[in-house]
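S.K.: Hey, dropping protein.tsv in here, TSV, C-alpha atoms:
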```tsv
chain	number	residue	atom	x	y	z
A	1	MET	CA	126.78	60.37	45.81
A	2	PHE	CA	124.32	57.65	46.83
A	3	ILE	CA	125.37	54.89	49.21
A	4	THR	CA	123.52	51.58	49.19
A	5	SER	CA	123.21	48.88	51.81
A	6	PHE	CA	125.12	46.56	49.50
A	7	GLN	CA	128.12	48.91	49.48
A	8	ILE	CA	128.03	49.13	53.27
A	9	LYS	CA	127.86	45.34	53.55
A	10	LEU	CA	130.78	44.95	51.16
A	11	LEU	CA	132.83	47.41	53.20
A	12	ALA	CA	131.90	45.61	56.42
A	13	ALA	CA	132.96	42.25	54.94
A	14	ILE	CA	136.34	43.68	53.87
A	15	LEU	CA	136.91	45.22	57.30
A	16	MET	CA	135.98	41.92	58.95
A	17	VAL	CA	138.61	40.05	56.93
A	18	ILE	CA	141.18	42.73	57.76
A	19	ASP	CA	140.32	42.40	61.45
A	20	HIS	CA	140.67	38.62	61.39
A	21	LEU	CA	144.00	38.90	59.57
A	22	GLY	CA	145.05	41.17	62.40
A	23	VAL	CA	144.16	38.40	64.85
A	24	ILE	CA	146.26	35.85	62.94
A	25	TYR	CA	149.31	38.05	62.41
A	26	GLU	CA	148.93	39.95	65.70
A	27	LEU	CA	149.01	43.31	63.94
A	28	SER	CA	147.35	46.07	65.96
A	29	ILE	CA	146.90	48.35	62.94
A	30	LEU	CA	144.72	45.73	61.22
A	31	ARG	CA	142.68	45.25	64.40
A	32	ILE	CA	142.16	49.01	64.63
A	33	ILE	CA	141.01	49.22	61.00
A	34	GLY	CA	138.68	46.30	61.60
A	35	ARG	CA	136.94	47.92	64.58
A	36	PHE	CA	134.20	49.28	62.32
A	37	ALA	CA	133.20	45.86	60.96
A	38	PHE	CA	130.97	44.79	63.85
A	39	PRO	CA	129.16	48.16	64.20
A	40	LEU	CA	128.54	48.20	60.44
A	41	PHE	CA	127.02	44.71	60.49
A	42	ALA	CA	124.95	45.64	63.54
A	43	TRP	CA	123.66	48.72	61.70
A	44	LEU	CA	122.83	46.62	58.64
A	45	LEU	CA	120.94	44.15	60.83
A	46	ILE	CA	118.88	46.95	62.35
A	47	ARG	CA	118.09	48.50	58.98
A	48	GLY	CA	117.35	45.11	57.47
A	49	ILE	CA	114.79	44.33	60.15
A	50	THR	CA	113.31	47.81	59.92
A	51	TYR	CA	112.58	47.47	56.20
A	52	SER	CA	112.11	43.70	55.95
A	53	ARG	CA	108.70	42.45	54.84
A	54	ASP	CA	109.33	39.05	56.41
A	55	TRP	CA	111.33	39.39	59.61
A	56	TRP	CA	110.59	35.77	60.58
A	57	ARG	CA	112.44	34.48	57.50
A	58	TYR	CA	115.32	36.79	58.43
A	59	PHE	CA	115.28	35.32	61.94
A	60	LYS	CA	115.30	31.71	60.72
A	61	ARG	CA	118.12	32.41	58.27
A	62	LEU	CA	120.25	33.87	61.05
A	63	CYS	CA	119.57	30.82	63.20
A	64	VAL	CA	120.56	28.37	60.46
A	65	PHE	CA	123.76	30.17	59.51
A	66	ALA	CA	124.76	30.74	63.13
A	67	VAL	CA	124.81	26.95	63.47
A	68	ILE	CA	126.58	26.43	60.12
A	69	ALA	CA	129.22	29.06	60.91
A	70	GLN	CA	130.19	27.78	64.35
A	71	PRO	CA	132.51	24.88	63.32
A	72	CYS	CA	134.28	27.19	60.83
A	73	PHE	CA	134.49	29.96	63.43
A	74	MET	CA	136.22	27.59	65.85
A	75	LEU	CA	139.00	26.86	63.34
A	76	LEU	CA	140.82	29.92	64.68
A	77	PRO	CA	142.38	28.89	68.02
A	78	SER	CA	141.69	32.27	69.64
A	79	LEU	CA	137.95	31.84	68.94
A	80	VAL	CA	137.52	28.18	69.83
A	81	PHE	CA	135.70	28.88	73.11
A	82	GLU	CA	133.36	31.55	71.72
A	83	LEU	CA	130.07	31.52	69.85
A	84	ASN	CA	130.07	33.43	66.57
A	85	ILE	CA	128.60	36.87	66.01
A	86	LEU	CA	125.52	35.55	64.20
A	87	CYS	CA	124.42	34.07	67.54
A	88	LEU	CA	124.45	37.59	68.98
A	89	PHE	CA	122.41	38.94	66.07
A	90	PHE	CA	119.99	36.02	66.46
A	91	LEU	CA	119.39	36.94	70.11
A	92	ALA	CA	119.03	40.66	69.46
A	93	LEU	CA	116.81	40.48	66.37
A	94	PRO	CA	113.41	40.02	68.13
A	95	LEU	CA	114.15	42.96	70.46
A	96	ILE	CA	115.03	45.15	67.48
A	97	LYS	CA	111.83	44.15	65.74
A	98	PHE	CA	109.53	44.75	68.70
A	99	LYS	CA	111.37	47.54	70.53
A	100	ASN	CA	108.64	50.09	69.78
A	101	GLN	CA	106.06	47.82	71.40
A	102	LEU	CA	107.93	47.77	74.72
A	103	THR	CA	107.81	50.39	77.46
A	104	SER	CA	111.10	51.95	78.51
A	105	GLU	CA	111.18	49.75	81.60
A	106	GLN	CA	110.43	46.60	79.62
A	107	GLY	CA	113.09	47.52	77.07
A	108	VAL	CA	115.75	47.92	79.76
A	109	ILE	CA	114.77	44.59	81.34
A	110	PHE	CA	114.76	42.60	78.09
A	111	TRP	CA	117.95	44.15	76.70
A	112	SER	CA	119.69	43.55	80.05
A	113	LEU	CA	118.53	39.93	80.01
A	114	ILE	CA	119.90	39.40	76.50
A	115	ALA	CA	123.17	41.07	77.55
A	116	ILE	CA	123.53	38.67	80.49
A	117	ILE	CA	122.78	35.67	78.28
A	118	ALA	CA	125.29	36.83	75.66
A	119	GLU	CA	127.99	37.43	78.27
A	120	PHE	CA	127.67	34.12	80.07
A	121	SER	CA	127.17	32.12	76.86
A	122	GLN	CA	130.58	33.27	75.61
A	123	ILE	CA	129.08	34.87	72.49
A	124	SER	CA	131.46	37.18	70.64
A	125	TYR	CA	131.31	40.72	72.04
A	126	GLY	CA	128.96	39.57	74.82
A	127	ALA	CA	127.16	42.26	76.79
A	128	TYR	CA	129.18	44.95	75.02
A	129	GLY	CA	127.84	43.78	71.66
A	130	VAL	CA	124.26	43.77	72.93
A	131	GLY	CA	124.71	47.29	74.27
A	132	LEU	CA	126.12	48.48	70.96
A	133	ILE	CA	123.25	46.96	68.99
A	134	GLY	CA	120.74	48.46	71.43
A	135	LEU	CA	122.21	51.95	71.16
A	136	LEU	CA	122.35	51.81	67.37
A	137	ALA	CA	118.75	50.55	67.30
A	138	CYS	CA	117.51	53.59	69.22
A	139	TYR	CA	119.79	56.16	67.56
A	140	CYS	CA	117.10	57.48	65.21
A	141	GLU	CA	114.67	58.03	68.12
A	142	PHE	CA	117.28	59.63	70.39
A	143	LYS	CA	119.13	61.85	67.90
A	144	GLU	CA	116.57	64.67	67.99
A	145	LYS	CA	115.57	65.14	71.64
A	146	HIS	CA	117.90	62.93	73.67
A	147	PHE	CA	121.16	62.91	71.73
A	148	GLN	CA	123.23	63.99	74.74
A	149	LEU	CA	121.94	61.00	76.71
A	150	TRP	CA	122.60	58.69	73.76
A	151	TYR	CA	126.13	60.07	73.36
A	152	LEU	CA	126.84	59.65	77.08
A	153	LEU	CA	125.73	56.02	76.88
A	154	TRP	CA	127.87	55.53	73.75
A	155	VAL	CA	130.95	56.93	75.53
A	156	SER	CA	130.24	54.75	78.58
A	157	LEU	CA	129.88	51.67	76.38
A	158	SER	CA	133.17	52.50	74.66
A	159	PHE	CA	134.99	52.64	78.00
A	160	TYR	CA	133.43	49.32	78.95
A	161	GLY	CA	134.58	47.88	75.61
A	162	MET	CA	138.15	48.98	76.34
A	163	TYR	CA	137.97	47.51	79.84
A	164	ARG	CA	136.55	44.23	78.57
A	165	TYR	CA	138.48	43.76	75.30
A	166	GLY	CA	141.47	46.07	75.49
A	167	PHE	CA	142.44	49.53	74.30
A	168	ILE	CA	142.03	48.75	70.60
A	169	GLN	CA	138.29	48.17	71.06
A	170	GLY	CA	137.99	51.84	71.99
A	171	PHE	CA	138.48	52.81	68.35
A	172	ALA	CA	134.95	51.52	67.67
A	173	PHE	CA	133.81	54.70	69.46
A	174	LEU	CA	134.57	56.63	66.26
A	175	PHE	CA	131.79	54.76	64.46
A	176	CYS	CA	129.33	57.35	65.77
A	177	ILE	CA	130.89	59.83	63.32
A	178	LEU	CA	129.49	57.76	60.44
A	179	LEU	CA	125.91	57.63	61.73
A	180	PRO	CA	124.73	60.89	60.09
A	181	ILE	CA	126.00	59.45	56.78
A	182	LEU	CA	124.52	55.98	57.28
A	183	GLU	CA	121.17	57.02	58.75
A	184	PRO	CA	119.63	58.31	55.48
A	185	VAL	CA	120.66	55.17	53.53
A	186	LYS	CA	117.56	53.28	52.43
A	187	GLN	CA	118.59	51.94	49.03
A	188	GLN	CA	119.32	48.24	49.15
A	189	GLY	CA	121.35	48.00	45.96
A	190	ILE	CA	122.42	44.53	44.85
A	191	LYS	CA	121.09	41.75	47.07
A	192	ALA	CA	123.92	40.25	49.08
A	193	ARG	CA	122.71	36.98	50.53
A	194	TRP	CA	126.07	35.58	49.52
A	195	PHE	CA	127.37	37.02	52.79
A	196	TYR	CA	125.60	34.34	54.79
A	197	TRP	CA	127.93	31.85	53.09
A	198	PHE	CA	130.92	34.18	52.97
A	199	TYR	CA	130.95	34.57	56.74
A	200	PRO	CA	131.55	30.89	57.63
A	201	LEU	CA	133.62	30.09	54.53
A	202	HIS	CA	136.11	32.93	54.97
A	203	PHE	CA	137.38	31.21	58.12
A	204	LEU	CA	138.72	28.31	56.03
A	205	PRO	CA	141.56	30.20	54.28
A	206	LEU	CA	142.16	32.15	57.49
A	207	SER	CA	142.69	28.92	59.42
A	208	LEU	CA	145.13	27.77	56.73
A	209	LEU	CA	147.05	31.05	57.04
A	210	LYS	CA	147.14	30.57	60.80
A	211	THR	CA	148.59	27.08	60.34
A	212	ILE	CA	151.28	28.37	57.97
A	213	HIS	CA	152.01	31.34	60.20
```
Go ahead and render the structure in this file as structure tokens.
M.R.:
Amino acid sequence: MFITSFQIKLLAAILMVIDHLGVIYELSILRIIGRFAFPLFAWLLIRGITYSRDWWRYFKRLCVFAVIAQPCFMLLPSLVFELNILCLFFLALPLIKFKNQLTSEQGVIFWSLIAIIAEFSQISYGAYGVGLIGLLACYCEFKEKHFQLWYLLWVSLSFYGMYRYGFIQGFAFLFCILLPILEPVKQQGIKARWFYWFYPLHFLPLSLLKTIH
């Protein structure tokens, strides 16, 4: 059975909607199911940059849609004081692209700087999100010789996620189980640029549901 990036993106989009429905209806089970949405999108971002022939266009597209999505994102009262997740991807993208050109010390410095910016800018997932993207970005390099170190950092990040965002966030830890399945995926499948519009627009019916609820 072959899995394509399109199928992963479709799954991530469905899980994202489920997660946001959990926010509206305050249903923990939906929030738990939705914990894989962000890691899946982070993984897709990393793979997209890795195989993109024009990372600069990717970067500009993220910037534009991060701006477009923000007013829609703020329609949900619980998110009104946050910046949307595309802002986090926008910040992390250059570091993903050029991570192999940085020394270990430079990598730690730059990733830490982005984490601080994300945390104090009230971007969704903040420093936790930056840490998750960073660990996923170096998974392929660490899995052979330094997997124990990578796993220790993943566990530590998961505990921080629970401390920062509550117990439910800890279920994102289980995403590491999927990495051996996702890592070989290189087939793009159907192009899914529709998601750039789906992300901001899906907040419109959600805000209506929140009003009714």
S.K.: Work out how far apart atom CA of A:Gly131 and atom CA of A:Leu157 are and give it in Å to one decimal.
M.R.: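 Computing the Euclidean distance for atom CA of A:Gly131 and atom CA of A:Leu157 yields 7.1 Å.
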S.K.: Contacts of A:Tyr199 at 12 Å or less, counting all atoms listed in the file, minus same-chain residues fewer than 2 places along, as a PyMOL selection string?
M.R.: chain A and resi 9-10+12-14+16-17+20+41+62+65-73+84-86+192-197+201-206
S.K.: Give me the residues near A:Ser52 as JSON, numbers by chain, where near means some atom within 10 Å (using all atoms listed in the file) and where sequence neighbours in that chain fewer than 6 positions away do not count.
M.R.: {"A": [46, 58, 97]}
S.K.: For the residues selected in the previous step, produce a file with C-alpha atoms as a compact mmCIF listing (two decimals), in the frame of the given file.
M.R.:
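Wrote it out as out31.txt, contents follow:
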```txt
# COMPACT_ATOMS: atom_id res chain seq x y z
CA ILE A 46 118.88 46.95 62.35
CA TYR A 58 115.32 36.79 58.43
CA LYS A 97 111.83 44.15 65.74
```
S.K.: Using all atoms listed in the file, find all polymer residues with an atom at most 12 Å away from the point (122.1, 49.0, 53.1); report them as a PyMOL selection string.
M.R.: chain A and resi 2-12+40-52+181-192
S.K.: Between atom CA of A:Gly22 and atom CA of A:Ile168, what distance in Å does the model show, to one decimal?
M.R.: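 Interatomic distance, atom CA of A:Gly22 to atom CA of A:Ile168: 11.6 Å.
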S.K.: Take every atom of stretch 66-72 of chain A listed in the file, fit an axis-aligned box around them, add 5 Å per side, and give the centre and edge lengths in Å to one decimal as JSON.
M.R.:
```
{"center_x": 129.5, "center_y": 27.8, "center_z": 62.2, "size_x": 19.5, "size_y": 15.9, "size_z": 14.2}
```
S.K.: Just the number, please: distance in Å from atom CA of A:Phe110 to atom CA of A:Ala37, one decimal.
M.R.: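 So the answer is 25.4 Å.
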S.K.: With distances taken over all atoms listed in the file, which of A:Gln148, A:Leu135, A:Pro39, A:Arg164 is nearest to A:Glu119?
M.R.: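 The closest residue to A:Glu119 is A:Arg164.
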S.K.: Which residue is closest to A:Leu136? Choose from A:Phe36, A:Trp154, A:Tyr163, A:Phe198 and count all atoms listed in the file.
M.R.: A:Trp154
S.K.: With all atoms listed in the file as the basis for distance, which of A:Gln169, A:Ser124, A:Ser28, A:Gln106 is at the shortest distance from A:Val80?
M.R.: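 Nearest to A:Val80: A:Ser124.
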S.K.: Using only C-alpha atoms, which residue out of A:Ser121, A:Ser207, A:Gln101, A:Ser112 lies closest to A:Leu83?
M.R.: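 Once distances to A:Leu83 are computed over only C-alpha atoms, the minimum belongs to A:Ser121.
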S.K.: Determine the nearest neighbour of A:Met162 from the options A:Phe98, A:Lys60, A:Arg35, A:His146, counting all atoms listed in the file.
M.R.: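 So, comparing all the options, the nearest one is A:Arg35.
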S.K.: Which of these residues is nearest to A:Tyr165, using all atoms listed in the file: A:Tyr151, A:Tyr125, A:Phe120, A:Phe142?
M.R.: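 Once distances to A:Tyr165 are computed over all atoms listed in the file, the minimum belongs to A:Tyr125.
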S.K.: Would you mind completing stretch 60-89 of chain A to N, CA and C atoms and writing the output as a PDB file, in the coordinates of the input?
M.R.:
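The new file out-v5.pdb reads:
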```
ATOM      1  N   LYS A  60     114.965  33.121  60.957  1.00  0.00           N
ATOM      2  CA  LYS A  60     115.300  31.710  60.720  1.00  0.00           C
ATOM      3  C   LYS A  60     116.620  31.574  59.979  1.00  0.00           C
ATOM      4  N   ARG A  61     116.871  32.457  59.021  1.00  0.00           N
ATOM      5  CA  ARG A  61     118.120  32.410  58.270  1.00  0.00           C
ATOM      6  C   ARG A  61     119.315  32.651  59.186  1.00  0.00           C
ATOM      7  N   LEU A  62     119.176  33.613  60.088  1.00  0.00           N
ATOM      8  CA  LEU A  62     120.250  33.870  61.050  1.00  0.00           C
ATOM      9  C   LEU A  62     120.516  32.651  61.919  1.00  0.00           C
ATOM     10  N   CYS A  63     119.446  32.010  62.356  1.00  0.00           N
ATOM     11  CA  CYS A  63     119.570  30.820  63.200  1.00  0.00           C
ATOM     12  C   CYS A  63     120.332  29.714  62.475  1.00  0.00           C
ATOM     13  N   VAL A  64     119.938  29.439  61.246  1.00  0.00           N
ATOM     14  CA  VAL A  64     120.560  28.370  60.460  1.00  0.00           C
ATOM     15  C   VAL A  64     122.042  28.646  60.240  1.00  0.00           C
ATOM     16  N   PHE A  65     122.365  29.871  59.831  1.00  0.00           N
ATOM     17  CA  PHE A  65     123.760  30.170  59.510  1.00  0.00           C
ATOM     18  C   PHE A  65     124.618  30.371  60.760  1.00  0.00           C
ATOM     19  N   ALA A  66     123.997  30.706  61.873  1.00  0.00           N
ATOM     20  CA  ALA A  66     124.760  30.740  63.130  1.00  0.00           C
ATOM     21  C   ALA A  66     125.264  29.348  63.466  1.00  0.00           C
ATOM     22  N   VAL A  67     124.426  28.343  63.224  1.00  0.00           N
ATOM     23  CA  VAL A  67     124.810  26.950  63.470  1.00  0.00           C
ATOM     24  C   VAL A  67     125.866  26.498  62.451  1.00  0.00           C
ATOM     25  N   ILE A  68     125.635  26.820  61.173  1.00  0.00           N
ATOM     26  CA  ILE A  68     126.580  26.430  60.120  1.00  0.00           C
ATOM     27  C   ILE A  68     127.954  27.063  60.346  1.00  0.00           C
ATOM     28  N   ALA A  69     127.962  28.316  60.781  1.00  0.00           N
ATOM     29  CA  ALA A  69     129.220  29.060  60.910  1.00  0.00           C
ATOM     30  C   ALA A  69     130.069  28.610  62.090  1.00  0.00           C
ATOM     31  N   GLN A  70     129.447  28.038  63.116  1.00  0.00           N
ATOM     32  CA  GLN A  70     130.190  27.780  64.350  1.00  0.00           C
ATOM     33  C   GLN A  70     131.411  26.870  64.180  1.00  0.00           C
ATOM     34  N   PRO A  71     131.305  25.719  63.491  1.00  0.00           N
ATOM     35  CA  PRO A  71     132.510  24.880  63.320  1.00  0.00           C
ATOM     36  C   PRO A  71     133.629  25.619  62.581  1.00  0.00           C
ATOM     37  N   CYS A  72     133.265  26.419  61.571  1.00  0.00           N
ATOM     38  CA  CYS A  72     134.280  27.190  60.830  1.00  0.00           C
ATOM     39  C   CYS A  72     134.886  28.270  61.724  1.00  0.00           C
ATOM     40  N   PHE A  73     134.056  28.911  62.508  1.00  0.00           N
ATOM     41  CA  PHE A  73     134.490  29.960  63.430  1.00  0.00           C
ATOM     42  C   PHE A  73     135.533  29.426  64.410  1.00  0.00           C
ATOM     43  N   MET A  74     135.345  28.197  64.849  1.00  0.00           N
ATOM     44  CA  MET A  74     136.220  27.590  65.850  1.00  0.00           C
ATOM     45  C   MET A  74     137.548  27.105  65.267  1.00  0.00           C
ATOM     46  N   LEU A  75     137.729  27.246  63.953  1.00  0.00           N
ATOM     47  CA  LEU A  75     139.000  26.860  63.340  1.00  0.00           C
ATOM     48  C   LEU A  75     140.142  27.781  63.779  1.00  0.00           C
ATOM     49  N   LEU A  76     139.792  29.013  64.159  1.00  0.00           N
ATOM     50  CA  LEU A  76     140.820  29.920  64.680  1.00  0.00           C
ATOM     51  C   LEU A  76     140.981  29.657  66.173  1.00  0.00           C
ATOM     52  N   PRO A  77     142.169  29.279  66.616  1.00  0.00           N
ATOM     53  CA  PRO A  77     142.380  28.890  68.020  1.00  0.00           C
ATOM     54  C   PRO A  77     141.911  29.936  69.028  1.00  0.00           C
ATOM     55  N   SER A  78     142.067  31.217  68.702  1.00  0.00           N
ATOM     56  CA  SER A  78     141.690  32.270  69.640  1.00  0.00           C
ATOM     57  C   SER A  78     140.174  32.390  69.804  1.00  0.00           C
ATOM     58  N   LEU A  79     139.407  31.739  68.910  1.00  0.00           N
ATOM     59  CA  LEU A  79     137.950  31.840  68.940  1.00  0.00           C
ATOM     60  C   LEU A  79     137.266  30.536  69.330  1.00  0.00           C
ATOM     61  N   VAL A  80     138.054  29.530  69.677  1.00  0.00           N
ATOM     62  CA  VAL A  80     137.520  28.180  69.830  1.00  0.00           C
ATOM     63  C   VAL A  80     136.511  28.077  70.973  1.00  0.00           C
ATOM     64  N   PHE A  81     136.602  28.957  71.965  1.00  0.00           N
ATOM     65  CA  PHE A  81     135.700  28.880  73.110  1.00  0.00           C
ATOM     66  C   PHE A  81     134.580  29.926  73.043  1.00  0.00           C
ATOM     67  N   GLU A  82     134.404  30.547  71.880  1.00  0.00           N
ATOM     68  CA  GLU A  82     133.360  31.550  71.720  1.00  0.00           C
ATOM     69  C   GLU A  82     132.289  31.077  70.747  1.00  0.00           C
ATOM     70  N   LEU A  83     131.117  31.699  70.851  1.00  0.00           N
ATOM     71  CA  LEU A  83     130.070  31.520  69.850  1.00  0.00           C
ATOM     72  C   LEU A  83     130.150  32.685  68.873  1.00  0.00           C
ATOM     73  N   ASN A  84     129.867  32.414  67.607  1.00  0.00           N
ATOM     74  CA  ASN A  84     130.070  33.430  66.570  1.00  0.00           C
ATOM     75  C   ASN A  84     129.063  34.573  66.650  1.00  0.00           C
ATOM     76  N   ILE A  85     129.359  35.623  65.919  1.00  0.00           N
ATOM     77  CA  ILE A  85     128.600  36.870  66.010  1.00  0.00           C
ATOM     78  C   ILE A  85     127.157  36.722  65.535  1.00  0.00           C
ATOM     79  N   LEU A  86     126.894  35.749  64.648  1.00  0.00           N
ATOM     80  CA  LEU A  86     125.520  35.550  64.200  1.00  0.00           C
ATOM     81  C   LEU A  86     124.620  35.119  65.341  1.00  0.00           C
ATOM     82  N   CYS A  87     125.196  34.454  66.347  1.00  0.00           N
ATOM     83  CA  CYS A  87     124.420  34.070  67.540  1.00  0.00           C
ATOM     84  C   CYS A  87     123.954  35.321  68.283  1.00  0.00           C
ATOM     85  N   LEU A  88     124.814  36.335  68.331  1.00  0.00           N
ATOM     86  CA  LEU A  88     124.450  37.590  68.980  1.00  0.00           C
ATOM     87  C   LEU A  88     123.330  38.288  68.211  1.00  0.00           C
ATOM     88  N   PHE A  89     123.448  38.326  66.887  1.00  0.00           N
ATOM     89  CA  PHE A  89     122.410  38.940  66.070  1.00  0.00           C
ATOM     90  C   PHE A  89     121.089  38.185  66.196  1.00  0.00           C
TER      91      PHE A  89
END
```
